[in-house]
file query24.cif (mmCIF, C-alpha atoms and all ligand atoms)
data_upload
loop_
_atom_site.group_PDB
_atom_site.id
_atom_site.type_symbol
_atom_site.label_atom_id
_atom_site.label_comp_id
_atom_site.auth_asym_id
_atom_site.auth_seq_id
_atom_site.Cartn_x
_atom_site.Cartn_y
_atom_site.Cartn_z
ATOM 1 C CA MET T 149 80.180 114.827 91.099
ATOM 2 C CA LEU T 150 80.249 111.869 88.765
ATOM 3 C CA GLY T 151 78.015 111.757 85.742
ATOM 4 C CA LYS T 152 75.454 109.197 84.744
ATOM 5 C CA GLY T 153 76.859 105.852 83.736
ATOM 6 C CA ASP T 154 80.039 106.390 85.687
ATOM 7 C CA LYS T 155 81.134 103.277 87.528
ATOM 8 C CA MET T 156 83.126 104.922 90.283
ATOM 9 C CA ARG T 157 81.289 105.454 93.515
ATOM 10 C CA LEU T 158 82.312 108.654 95.254
ATOM 11 C CA ILE T 159 82.078 109.120 99.020
ATOM 12 C CA ILE T 160 83.248 112.405 100.517
ATOM 13 C CA THR T 161 83.792 112.486 104.272
ATOM 14 C CA ASP T 162 84.375 115.445 106.597
ATOM 15 C CA ASP T 163 87.921 114.509 107.491
ATOM 16 C CA PHE T 164 90.643 111.860 107.695
ATOM 17 C CA GLN T 165 89.101 110.164 110.734
ATOM 18 C CA GLU T 166 85.721 109.714 109.105
ATOM 19 C CA MET T 167 87.351 108.499 105.870
ATOM 20 C CA SER T 168 89.356 105.962 107.886
ATOM 21 C CA LEU T 169 86.301 104.742 109.795
ATOM 22 C CA ARG T 170 84.235 104.356 106.602
ATOM 23 C CA ALA T 171 87.115 102.446 104.979
ATOM 24 C CA ALA T 172 87.458 100.194 108.028
ATOM 25 C CA ARG T 173 83.737 99.395 107.911
ATOM 26 C CA ILE T 174 84.056 98.394 104.242
ATOM 27 C CA VAL T 175 87.073 96.159 104.940
ATOM 28 C CA ALA T 176 85.436 94.657 108.045
ATOM 29 C CA GLY T 177 82.280 93.938 106.032
ATOM 30 C CA GLN T 178 84.346 92.182 103.381
ATOM 31 C CA VAL T 179 86.121 90.024 105.966
ATOM 32 C CA GLU T 180 82.882 89.226 107.785
ATOM 33 C CA LEU T 181 81.107 88.214 104.583
ATOM 34 C CA LYS T 182 84.090 86.225 103.302
ATOM 35 C CA PRO T 183 86.502 85.385 106.145
ATOM 36 C CA ASP T 184 89.036 83.886 103.709
ATOM 37 C CA SER T 185 89.194 87.081 101.656
ATOM 38 C CA ASN T 186 92.392 88.083 99.890
ATOM 39 C CA LEU T 187 93.065 91.718 100.723
ATOM 40 C CA GLY T 188 95.404 93.955 98.742
ATOM 41 C CA LEU T 189 97.062 96.403 101.138
ATOM 42 C CA PRO T 190 98.955 99.686 100.767
ATOM 43 C CA THR T 191 101.480 101.432 103.015
ATOM 44 C CA GLY T 192 101.839 105.218 103.371
ATOM 45 C CA SER T 193 100.093 107.837 105.499
ATOM 46 C CA THR T 194 96.650 107.365 103.958
ATOM 47 C CA PRO T 195 95.763 103.909 105.374
ATOM 48 C CA LEU T 196 97.126 104.539 108.891
ATOM 49 C CA GLY T 197 93.723 105.498 110.344
ATOM 50 C CA LEU T 198 92.106 102.545 108.564
ATOM 51 C CA TYR T 199 94.598 100.142 110.146
ATOM 52 C CA ASP T 200 93.980 101.722 113.578
ATOM 53 C CA TYR T 201 90.238 101.173 113.247
ATOM 54 C CA LEU T 202 90.681 97.593 112.042
ATOM 55 C CA ILE T 203 92.889 96.895 115.070
ATOM 56 C CA LYS T 204 90.209 98.442 117.280
ATOM 57 C CA PHE T 205 87.489 96.283 115.646
ATOM 58 C CA HIS T 206 89.697 93.232 116.160
ATOM 59 C CA LYS T 207 90.347 93.978 119.839
ATOM 60 C CA GLU T 208 86.943 95.312 120.820
ATOM 61 C CA GLU T 209 84.511 93.613 118.455
ATOM 62 C CA ASN T 210 86.246 90.306 117.718
ATOM 63 C CA LEU T 211 86.783 91.025 114.035
ATOM 64 C CA SER T 212 89.029 88.142 113.019
ATOM 65 C CA PHE T 213 91.563 87.919 110.204
ATOM 66 C CA ALA T 214 92.425 84.301 111.054
ATOM 67 C CA LYS T 215 91.344 83.050 107.622
ATOM 68 C CA THR T 216 92.238 86.174 105.668
ATOM 69 C CA SER T 217 95.257 86.585 103.391
ATOM 70 C CA SER T 218 97.055 89.796 102.542
ATOM 71 C CA PHE T 219 99.035 90.876 99.492
ATOM 72 C CA ASN T 220 100.948 94.118 99.824
ATOM 73 C CA LEU T 221 101.131 96.328 96.787
ATOM 74 C CA ASP T 222 104.823 97.040 96.818
ATOM 75 C CA GLU T 223 108.200 96.928 98.553
ATOM 76 C CA TYR T 224 111.331 99.031 98.201
ATOM 77 C CA TYR T 225 113.992 97.396 96.078
ATOM 78 C CA GLY T 226 117.125 96.569 98.074
ATOM 79 C CA LEU T 227 115.489 96.630 101.515
ATOM 80 C CA GLY T 228 115.160 93.314 103.366
ATOM 81 C CA GLN T 229 112.111 92.598 105.519
ATOM 82 C CA ASN T 230 114.051 93.423 108.679
ATOM 83 C CA HIS T 231 115.103 96.840 107.426
ATOM 84 C CA PRO T 232 113.384 99.428 109.659
ATOM 85 C CA LYS T 233 112.176 101.406 106.621
ATOM 86 C CA SER T 234 110.911 98.456 104.613
ATOM 87 C CA PHE T 235 107.212 98.337 103.842
ATOM 88 C CA TYR T 236 107.116 94.964 105.563
ATOM 89 C CA GLN T 237 108.215 96.569 108.857
ATOM 90 C CA PHE T 238 105.694 99.359 108.308
ATOM 91 C CA MET T 239 102.905 96.809 107.966
ATOM 92 C CA LYS T 240 104.163 94.758 110.891
ATOM 93 C CA GLU T 241 104.230 97.763 113.219
ATOM 94 C CA ASN T 242 101.008 99.374 112.040
ATOM 95 C CA PHE T 243 98.824 96.351 111.458
ATOM 96 C CA PHE T 244 100.108 92.772 111.315
ATOM 97 C CA GLN T 245 101.430 92.512 114.883
ATOM 98 C CA GLU T 246 98.180 93.856 116.321
ATOM 99 C CA VAL T 247 95.754 91.440 114.644
ATOM 100 C CA ASP T 248 95.359 87.675 114.195
ATOM 101 C CA LEU T 249 96.326 87.519 110.521
ATOM 102 C CA PRO T 250 98.475 84.338 110.369
ATOM 103 C CA GLN T 251 102.086 84.910 109.346
ATOM 104 C CA GLU T 252 101.796 82.324 106.556
ATOM 105 C CA ASN T 253 98.903 84.281 105.043
ATOM 106 C CA ILE T 254 100.980 87.452 104.661
ATOM 107 C CA ASN T 255 102.288 87.842 101.117
ATOM 108 C CA PHE T 256 105.017 90.356 100.386
ATOM 109 C CA LEU T 257 107.377 91.121 97.565
ATOM 110 C CA GLN T 258 110.988 90.472 98.598
ATOM 111 C CA GLY T 259 112.965 93.684 98.126
ATOM 112 C CA ARG T 260 116.278 91.830 98.264
ATOM 113 C CA ALA T 261 115.389 88.999 95.919
ATOM 114 C CA GLU T 262 118.407 87.919 93.860
ATOM 115 C CA ASP T 263 116.352 87.303 90.764
ATOM 116 C CA VAL T 264 113.870 90.158 90.523
ATOM 117 C CA GLU T 265 112.032 88.803 87.513
ATOM 118 C CA LYS T 266 111.526 85.453 89.204
ATOM 119 C CA GLU T 267 110.333 87.170 92.367
ATOM 120 C CA CYS T 268 107.751 89.242 90.459
ATOM 121 C CA TYR T 269 106.582 86.104 88.697
ATOM 122 C CA ARG T 270 106.306 84.238 92.021
ATOM 123 C CA PHE T 271 104.184 87.012 93.528
ATOM 124 C CA GLU T 272 101.938 87.350 90.498
ATOM 125 C CA ASN T 273 101.414 83.571 90.464
ATOM 126 C CA LYS T 274 100.676 83.479 94.176
ATOM 127 C CA ILE T 275 97.892 86.031 93.743
ATOM 128 C CA ALA T 276 96.419 84.033 90.863
ATOM 129 C CA SER T 277 96.702 80.627 92.552
ATOM 130 C CA SER T 278 95.103 82.042 95.730
ATOM 131 C CA GLY T 279 92.034 82.998 93.704
ATOM 132 C CA GLY T 280 92.786 86.680 93.068
ATOM 133 C CA ILE T 281 92.380 89.745 95.247
ATOM 134 C CA ASP T 282 88.860 90.315 96.600
ATOM 135 C CA LEU T 283 89.352 93.848 97.867
ATOM 136 C CA MET T 284 92.259 96.027 96.839
ATOM 137 C CA ILE T 285 92.855 99.057 99.027
ATOM 138 C CA LEU T 286 94.803 101.876 97.429
ATOM 139 C CA GLY T 287 96.266 105.261 98.216
ATOM 140 C CA ILE T 288 97.110 107.666 95.400
ATOM 141 C CA GLY T 289 100.302 109.603 94.722
ATOM 142 C CA ARG T 290 100.109 113.383 94.260
ATOM 143 C CA ASN T 291 101.141 112.688 90.651
ATOM 144 C CA GLY T 292 98.426 110.044 90.187
ATOM 145 C CA HIS T 293 100.565 106.992 90.777
ATOM 146 C CA ILE T 294 99.014 103.777 92.066
ATOM 147 C CA GLY T 295 101.399 101.398 93.802
ATOM 148 C CA PHE T 296 104.620 102.525 92.125
ATOM 149 C CA ASN T 297 103.085 102.697 88.684
ATOM 150 C CA GLU T 298 104.367 106.164 87.883
ATOM 151 C CA PRO T 299 103.189 108.513 85.105
ATOM 152 C CA GLY T 300 104.980 108.028 81.795
ATOM 153 C CA GLU T 301 104.687 106.911 78.196
ATOM 154 C CA GLU T 302 103.761 103.401 79.153
ATOM 155 C CA LEU T 303 102.562 101.332 82.090
ATOM 156 C CA LYS T 304 103.453 97.747 82.915
ATOM 157 C CA SER T 305 100.674 95.271 83.388
ATOM 158 C CA HIS T 306 102.325 92.784 85.741
ATOM 159 C CA THR T 307 104.368 92.956 88.930
ATOM 160 C CA HIS T 308 107.712 94.561 88.090
ATOM 161 C CA LEU T 309 110.679 96.618 89.229
ATOM 162 C CA ALA T 310 109.826 100.316 88.898
ATOM 163 C CA ASP T 311 111.769 103.576 89.093
ATOM 164 C CA LEU T 312 110.292 106.059 91.546
ATOM 165 C CA ALA T 313 109.387 109.453 90.075
ATOM 166 C CA PRO T 314 111.343 112.411 91.560
ATOM 167 C CA GLU T 315 108.151 113.760 93.212
ATOM 168 C CA THR T 316 107.487 110.334 94.788
ATOM 169 C CA ILE T 317 111.009 110.270 96.244
ATOM 170 C CA LYS T 318 110.329 113.733 97.706
ATOM 171 C CA ALA T 319 106.910 112.733 99.066
ATOM 172 C CA ASN T 320 108.230 109.536 100.676
ATOM 173 C CA GLN T 321 111.065 111.391 102.374
ATOM 174 C CA LYS T 322 108.670 111.853 105.325
ATOM 175 C CA PHE T 323 109.380 108.230 106.318
ATOM 176 C CA PHE T 324 113.195 108.615 106.106
ATOM 177 C CA ASP T 325 115.801 110.888 107.693
ATOM 178 C CA SER T 326 116.779 112.442 104.360
ATOM 179 C CA GLU T 327 115.815 112.399 100.686
ATOM 180 C CA GLU T 328 119.060 110.573 99.823
ATOM 181 C CA GLU T 329 117.967 107.613 101.930
ATOM 182 C CA VAL T 330 114.760 106.971 99.956
ATOM 183 C CA PRO T 331 115.302 103.978 97.651
ATOM 184 C CA ARG T 332 115.063 104.903 93.959
ATOM 185 C CA GLN T 333 113.336 101.692 92.898
ATOM 186 C CA ALA T 334 110.593 99.401 94.146
ATOM 187 C CA LEU T 335 108.901 96.146 93.271
ATOM 188 C CA THR T 336 105.244 96.824 92.611
ATOM 189 C CA MET T 337 102.066 95.188 91.408
ATOM 190 C CA GLY T 338 101.379 96.316 87.847
ATOM 191 C CA MET T 339 98.271 98.115 86.716
ATOM 192 C CA GLY T 340 96.881 94.849 85.326
ATOM 193 C CA THR T 341 97.520 93.065 88.632
ATOM 194 C CA ILE T 342 95.554 95.793 90.426
ATOM 195 C CA LEU T 343 92.720 95.898 87.899
ATOM 196 C CA LYS T 344 92.139 92.157 88.213
ATOM 197 C CA SER T 345 90.938 92.720 91.814
ATOM 198 C CA ARG T 346 87.210 92.154 92.288
ATOM 199 C CA GLN T 347 86.681 95.409 94.127
ATOM 200 C CA ILE T 348 88.887 98.461 94.611
ATOM 201 C CA LEU T 349 88.762 100.989 97.430
ATOM 202 C CA LEU T 350 90.834 104.081 96.747
ATOM 203 C CA MET T 351 91.403 106.515 99.584
ATOM 204 C CA ALA T 352 92.699 110.083 99.422
ATOM 205 C CA SER T 353 93.060 112.622 102.191
ATOM 206 C CA GLY T 354 94.260 116.191 102.428
ATOM 207 C CA LYS T 355 94.840 119.167 100.139
ATOM 208 C CA SER T 356 98.001 117.640 98.687
ATOM 209 C CA LYS T 357 95.805 115.060 96.934
ATOM 210 C CA SER T 358 93.214 117.490 95.565
ATOM 211 C CA TRP T 359 94.906 117.839 92.157
ATOM 212 C CA ALA T 360 95.114 114.049 91.753
ATOM 213 C CA VAL T 361 91.450 113.674 92.735
ATOM 214 C CA LYS T 362 90.444 116.362 90.230
ATOM 215 C CA GLU T 363 92.372 114.563 87.472
ATOM 216 C CA LEU T 364 90.748 111.286 88.429
ATOM 217 C CA MET T 365 87.335 112.834 87.799
ATOM 218 C CA LYS T 366 88.208 113.463 84.147
ATOM 219 C CA LYS T 367 86.692 110.902 81.857
ATOM 220 C CA ARG T 368 89.793 109.733 80.084
ATOM 221 C CA VAL T 369 92.394 107.028 80.529
ATOM 222 C CA THR T 370 96.046 107.913 80.097
ATOM 223 C CA THR T 371 99.410 106.487 81.148
ATOM 224 C CA GLU T 372 100.377 110.042 82.098
ATOM 225 C CA PHE T 373 97.924 109.669 84.982
ATOM 226 C CA PRO T 374 98.019 106.002 86.051
ATOM 227 C CA ALA T 375 95.055 106.213 88.448
ATOM 228 C CA SER T 376 92.850 107.035 85.444
ATOM 229 C CA PHE T 377 93.024 103.319 84.551
ATOM 230 C CA LEU T 378 90.712 102.679 87.498
ATOM 231 C CA ARG T 379 87.960 104.134 85.334
ATOM 232 C CA VAL T 380 87.802 100.908 83.339
ATOM 233 C CA HIS T 381 87.119 98.853 86.476
ATOM 234 C CA PRO T 382 83.472 98.072 87.257
ATOM 235 C CA ARG T 383 83.666 98.254 91.050
ATOM 236 C CA VAL T 384 85.663 101.150 92.429
ATOM 237 C CA ILE T 385 84.839 103.123 95.547
ATOM 238 C CA LEU T 386 86.557 106.469 95.809
ATOM 239 C CA LEU T 387 86.601 107.410 99.485
ATOM 240 C CA ILE T 388 88.051 110.869 100.027
ATOM 241 C CA ASP T 389 87.911 113.597 102.618
ATOM 242 C CA GLN T 390 86.716 117.152 102.137
ATOM 243 C CA GLU T 391 90.190 118.605 101.639
ATOM 244 C CA ALA T 392 91.036 116.092 98.917
ATOM 245 C CA ALA T 393 87.688 116.921 97.274
ATOM 246 C CA ASP T 394 88.527 120.639 97.307
ATOM 247 C CA ARG T 395 88.937 121.045 93.545
ATOM 248 C CA ILE T 396 86.044 118.980 92.218
HETATM 249 C C1 LIG T 401 102.019 102.544 99.100
HETATM 250 C C2 LIG T 401 101.818 102.880 97.686
HETATM 251 C C3 LIG T 401 101.702 104.292 97.221
HETATM 252 C C4 LIG T 401 100.906 105.193 98.173
HETATM 253 C C5 LIG T 401 100.881 106.628 97.654
HETATM 254 C C6 LIG T 401 100.239 107.568 98.645
HETATM 255 O O1 LIG T 401 102.107 101.156 99.291
HETATM 256 O O2 LIG T 401 101.771 102.003 96.884
HETATM 257 O O3 LIG T 401 101.123 104.321 95.943
HETATM 258 O O4 LIG T 401 99.609 104.703 98.307
HETATM 259 O O5 LIG T 401 102.176 107.069 97.386
HETATM 260 O O6 LIG T 401 101.056 107.674 99.768
HETATM 261 P P1 LIG T 401 100.559 108.407 101.098
HETATM 262 O O7 LIG T 401 99.420 107.624 101.611
HETATM 263 O O8 LIG T 401 101.745 108.364 102.031
HETATM 264 O O9 LIG T 401 100.179 109.785 100.689
#
call {"tool": "encode", "arguments": {"input": "query24.cif", "output": "structure tokens", "more": "lines below"}}
Ligand code: F6R
result
Amino acid sequence: MLGKGDKMRLIITDDFQEMSLRAARIVAGQVELKPDSNLGLPTGSTPLGLYDYLIKFHKEENLSFAKTSSFNLDEYYGLGQNHPKSFYQFMKENFFQEVDLPQENINFLQGRAEDVEKECYRFENKIASSGGIDLMILGIGRNGHIGFNEPGEELKSHTHLADLAPETIKANQKFFDSEEEVPRQALTMGMGTILKSRQILLMASGKSKSWAVKELMKKRVTTEFPASFLRVHPRVILLIDQEAADRI
């Protein structure tokens, strides 16, 4: 458990379903309180249940995203939006096409941008000129990465082109037919981009995340464990299931 003075709020749920439902309630509350919220969204296995619940709330309880904007954390470098394995397609299939979020409010990094630096700058500027991200939803890599900010000697503050760590390539193979197919680079929000969000909701589920969750509990900040930078943020909710909490 977290000590006194710790800013992170820890919620441990029984399982993935309960974690997803709790997360969906938090996101729905944000959108109800501020319909024109800017949401930061992740892909991956972790948010799938959350997206299912949000779709359910939209269809059954009239939760509307008509005034909401979204900013996805990252996109594979070299994959166009129509590529079946792009993060854009993932979001379209698992969330966007099922809710009333207007197309023009969806903000995505372009994986096939000719000028990568310009593209990162455009995205960073769009977040800033839209008023910043109100609620940033995050998953966590088994190695402690956030977005594609991988462990190393240094971290980049702004949106940039990143090399995927070997363990991330392995982990993301689940979405491809083979490891060779997983792109080696991605455009990603930087740690500074993420930390500028007003509120952060980090989700983790399953035993494979228990080491990362344990590391996150340590009271130190290091580039060798990028998620540790969340400790400097004043409003972080750590929403994890029992298996991910196994080692704390
Ligand atoms: C996804 C992203 C990644 C994932 C992380 C966990 O947009 O930025 O940092 O959140 O790799 O992935 P899953 O949820 O598949 O375990």
call {"tool": "residues_around", "arguments": {"input": "query24.cif", "residues": "Ile388 of chain T", "least_positions_apart": "5", "cutoff": "7 Å", "atoms": "all atoms listed in the file", "output": "list in words"}}
result
Ile159, Ile160, Thr161, Met167, Met351, Ala352, Ser353 and Ala393 of chain T
call {"tool": "write_last_selection", "arguments": {"input": "query24.cif", "atoms": "C-alpha atoms", "output": "PDB file, in the coordinates of the input"}}
result
ATOM      1  CA  ILE T 159      82.078 109.120  99.020  1.00  0.00           C
ATOM      2  CA  ILE T 160      83.248 112.405 100.517  1.00  0.00           C
ATOM      3  CA  THR T 161      83.792 112.486 104.272  1.00  0.00           C
ATOM      4  CA  MET T 167      87.351 108.499 105.870  1.00  0.00           C
ATOM      5  CA  MET T 351      91.403 106.515  99.584  1.00  0.00           C
ATOM      6  CA  ALA T 352      92.699 110.083  99.422  1.00  0.00           C
ATOM      7  CA  SER T 353      93.060 112.622 102.191  1.00  0.00           C
ATOM      8  CA  ALA T 393      87.688 116.921  97.274  1.00  0.00           C
TER       9      ALA T 393
END
call {"tool": "atom_distance", "arguments": {"input": "query24.cif", "atom1": "atom CA of Glu298 of chain T", "atom2": "atom CA of Leu286 of chain T"}}
result
14.2 Å
call {"tool": "closest_residue", "arguments": {"input": "query24.cif", "among": "T:Gln390, T:Ser168, T:Thr341, T:Thr191", "to": "ligand LIG 401 (chain T)", "atoms": "all atoms listed in the file"}}
result
T:Thr191
call {"tool": "resolve_selection", "arguments": {"input": "query24.cif", "expression": "the PyMOL selection byres (((chain T and resi 218) around 7) and not hetatm)", "output": "PyMOL selection string"}}
result
chain T and resi 186-189+216-217+219-220+253-255
call {"tool": "closest_residue", "arguments": {"input": "query24.cif", "among": "T:Met239, T:Met339, T:Ile174, T:Ala360", "to": "Glu391 of chain T", "atoms": "only C-alpha atoms"}}
result
T:Ala360
call {"tool": "residues_near_ligand", "arguments": {"input": "query24.cif", "ligand": "ligand LIG 401 (chain T)", "cutoff": "6 Å", "atoms": "all atoms listed in the file", "output": "PyMOL selection string"}}
result
chain T and resi 190-194+221-222+286-289+293-296
call {"tool": "closest_residue", "arguments": {"input": "query24.cif", "among": "T:Asp163, T:Glu272, T:Glu329, T:Asp248", "to": "Ile342 of chain T", "atoms": "only C-alpha atoms"}}
result
T:Glu272
call {"tool": "closest_residue", "arguments": {"input": "query24.cif", "among": "T:Tyr224, T:Arg260, T:Gln237, T:Ala176", "to": "Ser212 of chain T", "atoms": "all atoms listed in the file"}}
result
T:Ala176
call {"tool": "closest_residue", "arguments": {"input": "query24.cif", "among": "T:Val384, T:Leu158, T:Val264, T:Leu309", "to": "Ala334 of chain T", "atoms": "all atoms listed in the file"}}
result
T:Leu309
call {"tool": "residues_around", "arguments": {"input": "query24.cif", "residues": "Glu315 of chain T", "least_positions_apart": "4", "cutoff": "12 Å", "atoms": "only C-alpha atoms", "output": "MDAnalysis selection string"}}
result
chainID T and resid 289:293 296 298:299 311 319:321 327 330 332
call {"tool": "resolve_selection", "arguments": {"input": "query24.cif", "expression": "the PyMOL selection byres (((chain T and resi 173) around 12) and not hetatm)", "output": "mmCIF file with C-alpha atoms, keeping the file's coordinate frame"}}
result
data_model
loop_
_atom_site.group_PDB
_atom_site.id
_atom_site.type_symbol
_atom_site.label_atom_id
_atom_site.label_comp_id
_atom_site.auth_asym_id
_atom_site.auth_seq_id
_atom_site.Cartn_x
_atom_site.Cartn_y
_atom_site.Cartn_z
ATOM 1 C CA GLU T 166 85.721 109.714 109.105
ATOM 2 C CA MET T 167 87.351 108.499 105.870
ATOM 3 C CA SER T 168 89.356 105.962 107.886
ATOM 4 C CA LEU T 169 86.301 104.742 109.795
ATOM 5 C CA ARG T 170 84.235 104.356 106.602
ATOM 6 C CA ALA T 171 87.115 102.446 104.979
ATOM 7 C CA ALA T 172 87.458 100.194 108.028
ATOM 8 C CA ILE T 174 84.056 98.394 104.242
ATOM 9 C CA VAL T 175 87.073 96.159 104.940
ATOM 10 C CA ALA T 176 85.436 94.657 108.045
ATOM 11 C CA GLY T 177 82.280 93.938 106.032
ATOM 12 C CA GLN T 178 84.346 92.182 103.381
ATOM 13 C CA VAL T 179 86.121 90.024 105.966
ATOM 14 C CA GLU T 180 82.882 89.226 107.785
ATOM 15 C CA LEU T 181 81.107 88.214 104.583
ATOM 16 C CA GLY T 197 93.723 105.498 110.344
ATOM 17 C CA LEU T 198 92.106 102.545 108.564
ATOM 18 C CA TYR T 199 94.598 100.142 110.146
ATOM 19 C CA ASP T 200 93.980 101.722 113.578
ATOM 20 C CA TYR T 201 90.238 101.173 113.247
ATOM 21 C CA LEU T 202 90.681 97.593 112.042
ATOM 22 C CA ILE T 203 92.889 96.895 115.070
ATOM 23 C CA LYS T 204 90.209 98.442 117.280
ATOM 24 C CA PHE T 205 87.489 96.283 115.646
ATOM 25 C CA HIS T 206 89.697 93.232 116.160
ATOM 26 C CA LEU T 211 86.783 91.025 114.035
ATOM 27 C CA LEU T 349 88.762 100.989 97.430
ATOM 28 C CA LEU T 387 86.601 107.410 99.485
#
call {"tool": "atom_distance", "arguments": {"input": "query24.cif", "atom1": "atom CA of Pro232 of chain T", "atom2": "atom CA of Leu257 of chain T"}}
result
15.9 Å
call {"tool": "atom_distance", "arguments": {"input": "query24.cif", "atom1": "atom CA of Ser358 of chain T", "atom2": "atom CA of Ala375 of chain T"}}
result
13.5 Å
call {"tool": "axis_aligned_box", "arguments": {"input": "query24.cif", "around": "segment 172-189 of chain T", "padding_each_side": "8 Å", "output": "lines of an AutoDock Vina configuration file"}}
result
center_x = 89.1
center_y = 92.0
center_z = 103.4
size_x = 32.0
size_y = 32.3
size_z = 25.3
call {"tool": "resolve_selection", "arguments": {"input": "query24.cif", "expression": "the PyMOL selection byres (((chain T and resi 346) around 7) and not hetatm)", "output": "number ranges by chain"}}
result
T: 281-283, 344-345, 347-348
call {"tool": "build_atoms", "arguments": {"input": "query24.cif", "residues": "segment 275-291 of chain T", "atoms": "N, CA and C atoms", "output": "mmCIF file, keeping the file's coordinate frame"}}
result
data_model
loop_
_atom_site.group_PDB
_atom_site.id
_atom_site.type_symbol
_atom_site.label_atom_id
_atom_site.label_comp_id
_atom_site.auth_asym_id
_atom_site.auth_seq_id
_atom_site.Cartn_x
_atom_site.Cartn_y
_atom_site.Cartn_z
ATOM 1 N N ILE T 275 99.194 85.346 93.741
ATOM 2 C CA ILE T 275 97.892 86.031 93.743
ATOM 3 C C ILE T 275 96.893 85.196 92.937
ATOM 4 N N ALA T 276 97.321 84.783 91.749
ATOM 5 C CA ALA T 276 96.419 84.033 90.863
ATOM 6 C C ALA T 276 96.030 82.694 91.486
ATOM 7 N N SER T 277 97.013 81.960 92.025
ATOM 8 C CA SER T 277 96.702 80.627 92.552
ATOM 9 C C SER T 277 95.901 80.711 93.856
ATOM 10 N N SER T 278 95.907 81.865 94.506
ATOM 11 C CA SER T 278 95.103 82.042 95.730
ATOM 12 C C SER T 278 93.676 82.459 95.394
ATOM 13 N N GLY T 279 93.405 82.651 94.109
ATOM 14 C CA GLY T 279 92.034 82.998 93.704
ATOM 15 C C GLY T 279 91.829 84.472 93.402
ATOM 16 N N GLY T 280 92.904 85.255 93.398
ATOM 17 C CA GLY T 280 92.786 86.680 93.068
ATOM 18 C C GLY T 280 92.456 87.526 94.294
ATOM 19 N N ILE T 281 92.620 88.822 94.130
ATOM 20 C CA ILE T 281 92.380 89.745 95.247
ATOM 21 C C ILE T 281 90.897 90.132 95.285
ATOM 22 N N ASP T 282 90.283 89.979 96.452
ATOM 23 C CA ASP T 282 88.860 90.315 96.600
ATOM 24 C C ASP T 282 88.659 91.815 96.762
ATOM 25 N N LEU T 283 89.470 92.406 97.620
ATOM 26 C CA LEU T 283 89.352 93.848 97.867
ATOM 27 C C LEU T 283 90.747 94.458 97.881
ATOM 28 N N MET T 284 90.964 95.348 96.947
ATOM 29 C CA MET T 284 92.259 96.027 96.839
ATOM 30 C C MET T 284 92.116 97.421 97.415
ATOM 31 N N ILE T 285 92.907 97.722 98.427
ATOM 32 C CA ILE T 285 92.855 99.057 99.027
ATOM 33 C C ILE T 285 94.033 99.861 98.486
ATOM 34 N N LEU T 286 93.755 101.068 98.054
ATOM 35 C CA LEU T 286 94.803 101.876 97.429
ATOM 36 C C LEU T 286 94.867 103.279 98.008
ATOM 37 N N GLY T 287 96.090 103.824 98.043
ATOM 38 C CA GLY T 287 96.266 105.261 98.216
ATOM 39 C C GLY T 287 96.546 105.803 96.824
ATOM 40 N N ILE T 288 96.768 107.097 96.713
ATOM 41 C CA ILE T 288 97.110 107.666 95.400
ATOM 42 C C ILE T 288 98.243 108.664 95.583
ATOM 43 N N GLY T 289 99.214 108.632 94.666
ATOM 44 C CA GLY T 289 100.302 109.603 94.722
ATOM 45 C C GLY T 289 99.801 110.965 94.271
ATOM 46 N N ARG T 290 100.495 112.015 94.694
ATOM 47 C CA ARG T 290 100.109 113.383 94.260
ATOM 48 C C ARG T 290 100.160 113.501 92.747
ATOM 49 N N ASN T 291 101.012 112.664 92.113
ATOM 50 C CA ASN T 291 101.141 112.688 90.651
ATOM 51 C C ASN T 291 100.225 111.656 89.976
#
